[in-house]
file model.txt (compact mmCIF, C-alpha atoms)
# COMPACT_ATOMS: atom_id res chain seq x y z
CA MET G 88 -24.51 -1.35 -18.00
CA SER G 89 -24.33 -5.07 -18.79
CA ALA G 90 -25.82 -7.68 -16.50
CA VAL G 91 -22.33 -8.94 -15.62
CA THR G 92 -21.11 -5.45 -14.66
CA HIS G 93 -24.31 -4.73 -12.72
CA GLY G 94 -23.91 -8.00 -10.82
CA LEU G 95 -20.29 -7.22 -10.01
CA VAL G 96 -21.19 -3.75 -8.71
CA HIS G 97 -24.07 -5.08 -6.62
CA ASP G 98 -22.13 -8.01 -5.20
CA GLY G 99 -18.98 -5.95 -4.73
CA THR G 100 -20.92 -3.37 -2.71
CA ALA G 101 -22.28 -6.13 -0.48
CA MET G 102 -18.77 -7.52 0.07
CA LEU G 103 -17.50 -4.00 0.76
CA GLY G 104 -20.10 -3.66 3.52
CA ARG G 105 -18.97 -6.98 4.96
CA GLN G 106 -15.34 -5.87 5.07
CA LEU G 107 -16.18 -2.54 6.71
CA GLN G 108 -18.30 -4.34 9.32
CA ARG G 109 -15.39 -6.68 9.91
CA LEU G 110 -13.09 -3.73 10.63
CA ARG G 111 -15.71 -2.18 12.89
CA ASN G 112 -15.78 -5.38 14.93
CA ASN G 113 -11.97 -5.35 15.22
CA PRO G 114 -11.18 -1.82 16.48
CA GLY G 115 -7.74 -2.83 17.76
CA LEU G 116 -6.53 -3.60 14.25
CA LEU G 117 -8.08 -0.39 12.95
CA ILE G 118 -6.41 1.72 15.64
CA LEU G 119 -3.05 0.03 15.03
CA THR G 120 -3.15 0.63 11.27
CA GLN G 121 -4.10 4.28 11.80
CA THR G 122 -1.53 5.10 14.49
CA MET G 123 1.47 3.13 13.24
CA PRO G 124 2.33 5.57 10.39
CA VAL G 125 2.20 8.51 12.81
CA THR G 126 4.45 6.67 15.27
CA MET G 127 6.92 5.89 12.50
CA LEU G 128 6.92 9.52 11.37
CA LEU G 129 7.80 10.74 14.84
CA PHE G 130 10.42 8.02 15.36
CA PHE G 131 12.14 8.27 11.98
CA GLY G 132 11.79 12.03 11.79
CA TYR G 133 13.42 12.78 15.12
CA VAL G 134 15.76 9.80 15.58
CA PHE G 135 17.01 9.24 12.01
CA GLY G 136 16.85 12.93 11.18
CA SER G 137 19.45 13.71 13.82
CA ALA G 138 21.84 11.17 12.28
CA LEU G 139 21.69 12.48 8.70
CA ALA G 140 23.28 15.46 7.03
CA MET G 141 19.83 16.99 6.42
CA PRO G 142 18.56 19.29 9.17
CA GLY G 143 15.73 17.77 11.15
CA GLU G 144 12.87 19.76 9.63
CA GLU G 145 14.24 19.33 6.11
CA TYR G 146 14.52 15.59 6.63
CA ARG G 147 10.97 15.38 7.96
CA ALA G 148 9.74 17.17 4.83
CA PHE G 149 11.69 14.61 2.79
CA LEU G 150 10.40 11.74 4.92
CA VAL G 151 6.65 12.37 4.91
CA PRO G 152 6.07 11.33 1.25
CA GLY G 153 8.30 8.29 1.77
CA LEU G 154 6.33 7.17 4.81
CA LEU G 155 3.05 7.74 2.97
CA VAL G 156 4.21 5.36 0.24
CA ALA G 157 5.66 2.85 2.73
CA THR G 158 2.26 2.81 4.44
CA ALA G 159 0.54 2.32 1.10
CA ALA G 160 2.86 -0.61 0.39
CA ASN G 161 1.55 -2.22 3.58
CA GLY G 162 -1.58 -3.00 1.60
CA LEU G 163 0.38 -6.08 0.59
CA MET G 164 0.59 -7.19 4.23
CA THR G 165 -3.00 -6.38 5.24
CA GLY G 166 -4.45 -7.83 2.05
CA MET G 167 -2.45 -11.01 2.50
CA PHE G 168 -3.38 -11.48 6.16
CA GLN G 169 -7.11 -10.84 5.72
CA ALA G 170 -7.40 -13.13 2.69
CA ALA G 171 -5.43 -15.89 4.40
CA GLN G 172 -7.46 -15.50 7.58
CA ASP G 173 -10.76 -15.87 5.73
CA THR G 174 -9.43 -18.88 3.83
CA HIS G 175 -7.95 -20.56 6.90
CA ARG G 176 -11.19 -20.16 8.89
CA GLY G 177 -13.39 -21.46 6.07
CA VAL G 178 -15.10 -18.11 5.41
CA THR G 179 -13.90 -18.03 1.81
CA ASP G 180 -15.36 -21.49 1.14
CA ARG G 181 -18.74 -20.37 2.49
CA LEU G 182 -18.67 -17.19 0.41
CA ARG G 183 -17.79 -19.22 -2.67
CA THR G 184 -21.04 -21.18 -2.32
CA LEU G 185 -23.10 -17.98 -2.61
CA PRO G 186 -24.47 -16.85 -5.99
CA VAL G 187 -22.19 -13.81 -6.24
CA SER G 188 -19.63 -12.68 -8.78
CA ARG G 189 -16.25 -14.36 -8.29
CA ALA G 190 -14.54 -10.97 -8.50
CA ALA G 191 -16.81 -9.38 -5.87
CA VAL G 192 -15.11 -10.78 -2.75
CA PRO G 193 -11.51 -9.70 -3.50
CA LEU G 194 -12.80 -6.43 -4.98
CA GLY G 195 -14.80 -5.68 -1.83
CA GLN G 196 -11.73 -6.30 0.31
CA ALA G 197 -9.55 -4.05 -1.86
CA VAL G 198 -12.07 -1.18 -1.89
CA ALA G 199 -12.70 -1.40 1.86
CA ASP G 200 -8.97 -1.23 2.49
CA LEU G 201 -8.77 1.78 0.17
CA LEU G 202 -11.48 3.66 2.09
CA VAL G 203 -9.80 2.99 5.44
CA THR G 204 -6.46 4.12 4.03
CA ALA G 205 -8.00 7.34 2.69
CA ALA G 206 -9.46 8.11 6.12
CA GLY G 207 -6.09 7.40 7.75
CA LEU G 208 -4.37 9.99 5.57
CA VAL G 209 -6.01 12.83 7.47
CA PRO G 210 -4.37 12.36 10.90
CA PHE G 211 -1.05 11.46 9.31
CA LEU G 212 -0.95 14.61 7.18
CA LEU G 213 -1.96 16.75 10.17
CA VAL G 214 0.95 15.35 12.18
CA GLY G 215 3.21 15.89 9.17
CA LEU G 216 2.21 19.55 9.08
CA ALA G 217 2.86 19.79 12.82
CA VAL G 218 6.46 18.52 12.45
CA GLY G 219 7.36 20.87 9.60
CA TRP G 220 6.22 19.22 6.37
CA ARG G 221 4.44 21.45 3.86
CA MET G 222 2.71 21.03 0.50
CA GLU G 223 4.96 23.37 -1.48
CA GLY G 224 3.47 22.54 -4.88
CA SER G 225 0.13 23.41 -6.48
CA ALA G 226 -3.29 22.21 -5.32
CA PRO G 227 -3.79 20.06 -8.47
CA GLY G 228 -0.34 18.55 -7.89
CA ALA G 229 -1.22 17.70 -4.29
CA ALA G 230 -4.53 16.15 -5.40
CA GLY G 231 -2.65 14.12 -8.00
CA ALA G 232 -0.22 12.94 -5.33
CA VAL G 233 -3.05 11.70 -3.11
CA GLY G 234 -4.73 9.98 -6.05
CA LEU G 235 -1.50 8.26 -7.06
CA LEU G 236 -0.91 7.16 -3.47
CA LEU G 237 -4.37 5.58 -3.23
CA LEU G 238 -3.90 3.86 -6.58
CA PHE G 239 -0.66 2.34 -5.31
CA ARG G 240 -2.40 1.15 -2.12
CA PHE G 241 -5.17 -0.42 -4.21
CA THR G 242 -2.54 -2.17 -6.31
CA THR G 243 -0.58 -3.59 -3.38
CA THR G 244 -3.79 -4.82 -1.76
CA TRP G 245 -4.57 -6.94 -4.82
CA ILE G 246 -1.08 -8.45 -4.64
CA GLY G 247 -1.65 -9.22 -0.96
CA VAL G 248 -5.07 -10.79 -1.62
CA PHE G 249 -3.55 -13.13 -4.19
CA LEU G 250 -0.69 -14.15 -1.87
CA GLY G 251 -3.11 -14.63 1.04
CA LEU G 252 -5.33 -16.91 -1.04
CA LEU G 253 -2.19 -18.76 -2.13
CA THR G 254 -0.80 -19.34 1.38
CA ARG G 255 -4.22 -20.21 2.90
CA ASN G 256 -2.73 -19.93 6.40
CA GLU G 257 -2.96 -16.81 8.53
CA GLU G 258 0.17 -17.63 10.55
CA ALA G 259 2.25 -18.10 7.40
CA ALA G 260 0.72 -14.96 5.90
CA GLY G 261 1.59 -12.99 9.03
CA GLN G 262 5.20 -14.13 8.87
CA LEU G 263 5.48 -13.46 5.15
CA GLY G 264 3.73 -10.12 5.55
CA GLY G 265 6.21 -9.08 8.22
CA ALA G 266 9.01 -9.67 5.74
CA THR G 267 7.52 -6.98 3.48
CA PHE G 268 8.82 -4.39 5.96
CA VAL G 269 12.14 -4.69 4.14
CA LEU G 270 10.72 -3.38 0.84
CA PRO G 271 10.70 0.33 1.82
CA LEU G 272 14.24 -0.08 3.16
CA LEU G 273 15.34 -1.05 -0.38
CA SER G 274 13.99 2.19 -1.81
CA ASN G 275 14.34 5.95 -1.47
CA ALA G 276 11.50 6.19 1.04
CA TYR G 277 13.79 6.94 4.01
CA ILE G 278 17.10 8.01 2.47
CA PRO G 279 18.30 9.33 -0.91
CA THR G 280 19.70 6.63 -3.19
CA GLU G 281 22.53 8.74 -4.64
CA GLY G 282 25.05 7.53 -2.08
CA LEU G 283 24.26 3.82 -2.40
CA PRO G 284 26.62 1.38 -4.17
CA GLY G 285 25.86 1.04 -7.89
CA TRP G 286 24.09 -2.33 -7.80
CA LEU G 287 22.08 -1.46 -4.70
CA ARG G 288 21.07 1.90 -6.15
CA THR G 289 19.79 0.12 -9.26
CA VAL G 290 17.73 -2.29 -7.14
CA ALA G 291 16.33 0.58 -5.06
CA GLU G 292 15.42 2.74 -8.05
CA TRP G 293 13.61 -0.10 -9.83
CA ASN G 294 11.61 -0.73 -6.66
CA PRO G 295 8.06 0.58 -7.37
CA ILE G 296 8.11 2.29 -3.97
CA SER G 297 10.92 4.57 -5.18
CA ALA G 298 8.99 5.71 -8.24
CA VAL G 299 5.85 6.51 -6.25
CA THR G 300 7.84 8.23 -3.49
CA THR G 301 9.68 10.41 -6.01
CA ALA G 302 6.38 11.25 -7.71
CA LEU G 303 4.85 12.35 -4.40
CA ARG G 304 7.87 14.48 -3.50
CA ASP G 305 7.70 16.11 -6.91
CA LEU G 306 3.92 16.67 -6.87
CA PHE G 307 3.94 17.98 -3.30
CA GLY G 308 6.93 20.19 -4.16
CA ASN G 309 9.11 18.68 -1.42
CA ALA G 310 12.12 17.57 -3.48
CA PRO G 311 13.17 17.68 -7.15
CA VAL G 312 13.44 14.59 -9.32
CA PRO G 313 17.03 13.27 -8.94
CA GLU G 314 19.28 13.40 -11.97
CA GLY G 315 20.87 10.29 -13.46
CA ALA G 316 18.34 7.93 -11.86
CA ALA G 317 16.76 4.84 -13.43
CA TRP G 318 13.80 5.46 -15.74
CA PRO G 319 10.97 4.93 -13.20
CA VAL G 320 12.55 7.47 -10.82
CA ALA G 321 13.66 9.90 -13.56
CA HIS G 322 10.02 9.93 -14.84
CA PRO G 323 8.25 9.28 -11.55
CA VAL G 324 4.60 9.91 -12.42
CA ALA G 325 4.78 7.88 -15.63
CA GLY G 326 6.87 5.24 -13.88
CA SER G 327 4.39 4.97 -10.99
CA LEU G 328 1.40 4.65 -13.31
CA ALA G 329 3.24 2.04 -15.37
CA TRP G 330 4.10 -0.01 -12.28
CA CYS G 331 0.50 0.14 -11.02
CA ALA G 332 -0.92 -0.80 -14.42
CA VAL G 333 1.41 -3.78 -14.82
CA LEU G 334 0.95 -5.06 -11.27
CA LEU G 335 -2.85 -4.71 -11.40
CA ALA G 336 -2.99 -6.40 -14.82
CA VAL G 337 -1.05 -9.36 -13.39
CA PHE G 338 -2.33 -9.77 -9.84
CA ALA G 339 -6.01 -8.78 -10.00
CA PRO G 340 -6.88 -11.57 -12.49
CA LEU G 341 -4.66 -13.99 -10.55
CA ALA G 342 -6.47 -13.16 -7.30
CA VAL G 343 -9.91 -13.59 -8.87
CA ARG G 344 -8.88 -16.86 -10.51
CA ARG G 345 -7.38 -18.17 -7.29
CA TYR G 346 -10.53 -17.28 -5.35
CA ALA G 347 -12.74 -18.96 -7.94
CA ARG G 348 -10.64 -22.15 -7.97
CA GLY G 349 -10.53 -22.65 -4.22
CA GLU G 350 -8.31 -25.49 -3.09
CA GLY G 351 -8.30 -26.87 -6.58

call {"tool": "encode", "arguments": {"input": "model.txt", "output": "structure tokens"}}
result
Amino acid sequence: MSAVTHGLVHDGTAMLGRQLQRLRNNPGLLILTQTMPVTMLLFFGYVFGSALAMPGEEYRAFLVPGLLVATAANGLMTGMFQAAQDTHRGVTDRLRTLPVSRAAVPLGQAVADLLVTAAGLVPFLLVGLAVGWRMEGSAPGAAGAVGLLLLFRFTTTWIGVFLGLLTRNEEAAGQLGGATFVLPLLSNAYIPTEGLPGWLRTVAEWNPISAVTTALRDLFGNAPVPEGAAWPVAHPVAGSLAWCAVLLAVFAPLAVRRYARGEG
């Protein structure tokens, strides 16, 4: 292991501990992020399910993977708010004066968020099982689905960190983060895209959330891959990995560079 890599691992672990301690000192935020997906599952599953052609239990089985991915996409919002909050309060400037790797601070935030998300999957999946959702596919497929979901969360967190460092204002980040709620609505997370108008279906199917949602439904065995869809949805696992690779390749270096530059 090179000295640079060793320094990044050491410093990143220290920043990870800082982020976890931060969450421990803010239990309200932790409880909200853990309970919100469950609340949405119960609301969408029983309110929306009664308004769709799918029977309630069938819709809830369709919905659970979509809500998992919509929750993972919220990494954009949490990453943005935490990075902007640290910048706005001067914490980032103080951290920048320390002799630590420039990549360690955003990496620590992204990994801490990933661990919290992984822990939050357990109650959500238990509630999903209680309302009728089942893992109909193989055990390796289910493990692959969870891994892909966490990779997508890690990716969206890096995007959020970059945008938070860019806005530098927690109020502006909160408002911009709230607007990200619309992203799952422009996807197949809550409803099938087959009945959408042509242009809107194209937008929805090229939304990364749609590719990851379709991949989870396929890997969990909840729904087949739709025919005649755009390439990322027609090849959901490959499409999801491609989206994550491209987004990470763009936004992780941008976030590190933005952190290193500071106001300049």

call {"tool": "residues_around", "arguments": {"input": "model.txt", "residues": "stretch 206-214 of chain G", "least_positions_apart": "5", "cutoff": "7 Å", "atoms": "only C-alpha atoms", "output": "count of residues only"}}
result
3

call {"tool": "closest_residue", "arguments": {"input": "model.txt", "among": "G:Ala191, G:Leu150, G:Ala259, G:Leu155", "to": "G:Thr179", "atoms": "all atoms listed in the file"}}
result
G:Ala191

call {"tool": "atom_distance", "arguments": {"input": "model.txt", "atom1": "atom CA of G:Leu341", "atom2": "atom CA of G:Thr100"}}
result
20.9 Å

call {"tool": "closest_residue", "arguments": {"input": "model.txt", "among": "G:Leu129, G:Val320, G:Ala339, G:Ile246", "to": "G:Thr280", "atoms": "only C-alpha atoms"}}
result
G:Val320

call {"tool": "residues_near_point", "arguments": {"input": "model.txt", "point": "(1.3, 3.1, 4.8)", "cutoff": "9 Å", "atoms": "only C-alpha atoms", "output": "VMD selection string"}}
result
chain G and resid 120 to 121 123 to 124 154 to 162 204 208 240

call {"tool": "closest_residue", "arguments": {"input": "model.txt", "among": "G:Leu95, G:Leu250, G:Ala229, G:Val198", "to": "G:Ala342", "atoms": "all atoms listed in the file"}}
result
G:Leu250

call {"tool": "residues_around", "arguments": {"input": "model.txt", "residues": "G:Pro186", "least_positions_apart": "6", "cutoff": "12 Å", "atoms": "all atoms listed in the file", "output": "list of chain:residue names"}}
result
G:Gly94, G:Leu95, G:His97, G:Asp98, G:Val192

call {"tool": "write_last_selection", "arguments": {"input": "model.txt", "atoms": "C-alpha atoms", "output": "PDB file, in the frame of the given file"}}
result
ATOM      1  CA  GLY G  94     -23.910  -8.000 -10.820  1.00  0.00           C
ATOM      2  CA  LEU G  95     -20.290  -7.220 -10.010  1.00  0.00           C
ATOM      3  CA  HIS G  97     -24.070  -5.080  -6.620  1.00  0.00           C
ATOM      4  CA  ASP G  98     -22.130  -8.010  -5.200  1.00  0.00           C
ATOM      5  CA  VAL G 192     -15.110 -10.780  -2.750  1.00  0.00           C
TER       6      VAL G 192
END

call {"tool": "residues_around", "arguments": {"input": "model.txt", "residues": "G:Val299", "least_positions_apart": "6", "cutoff": "9 Å", "atoms": "only C-alpha atoms", "output": "list in words"}}
result
Pro152, Gly153, Val156, Ala232, Leu235, Leu236, Phe239, Pro319, Val320, Pro323, Val324, Gly326, Ser327 and Leu328 of chain G

call {"tool": "closest_residue", "arguments": {"input": "model.txt", "among": "G:Val218, G:Val187, G:Ala332, G:Ala310", "to": "G:Thr243", "atoms": "all atoms listed in the file"}}
result
G:Ala332

call {"tool": "closest_residue", "arguments": {"input": "model.txt", "among": "G:Gly285, G:Ala260, G:Leu194, G:Arg221", "to": "G:Val96", "atoms": "all atoms listed in the file"}}
result
G:Leu194

call {"tool": "closest_residue", "arguments": {"input": "model.txt", "among": "G:Phe338, G:Phe268, G:Phe149, G:Phe241", "to": "G:Pro311", "atoms": "all atoms listed in the file"}}
result
G:Phe149
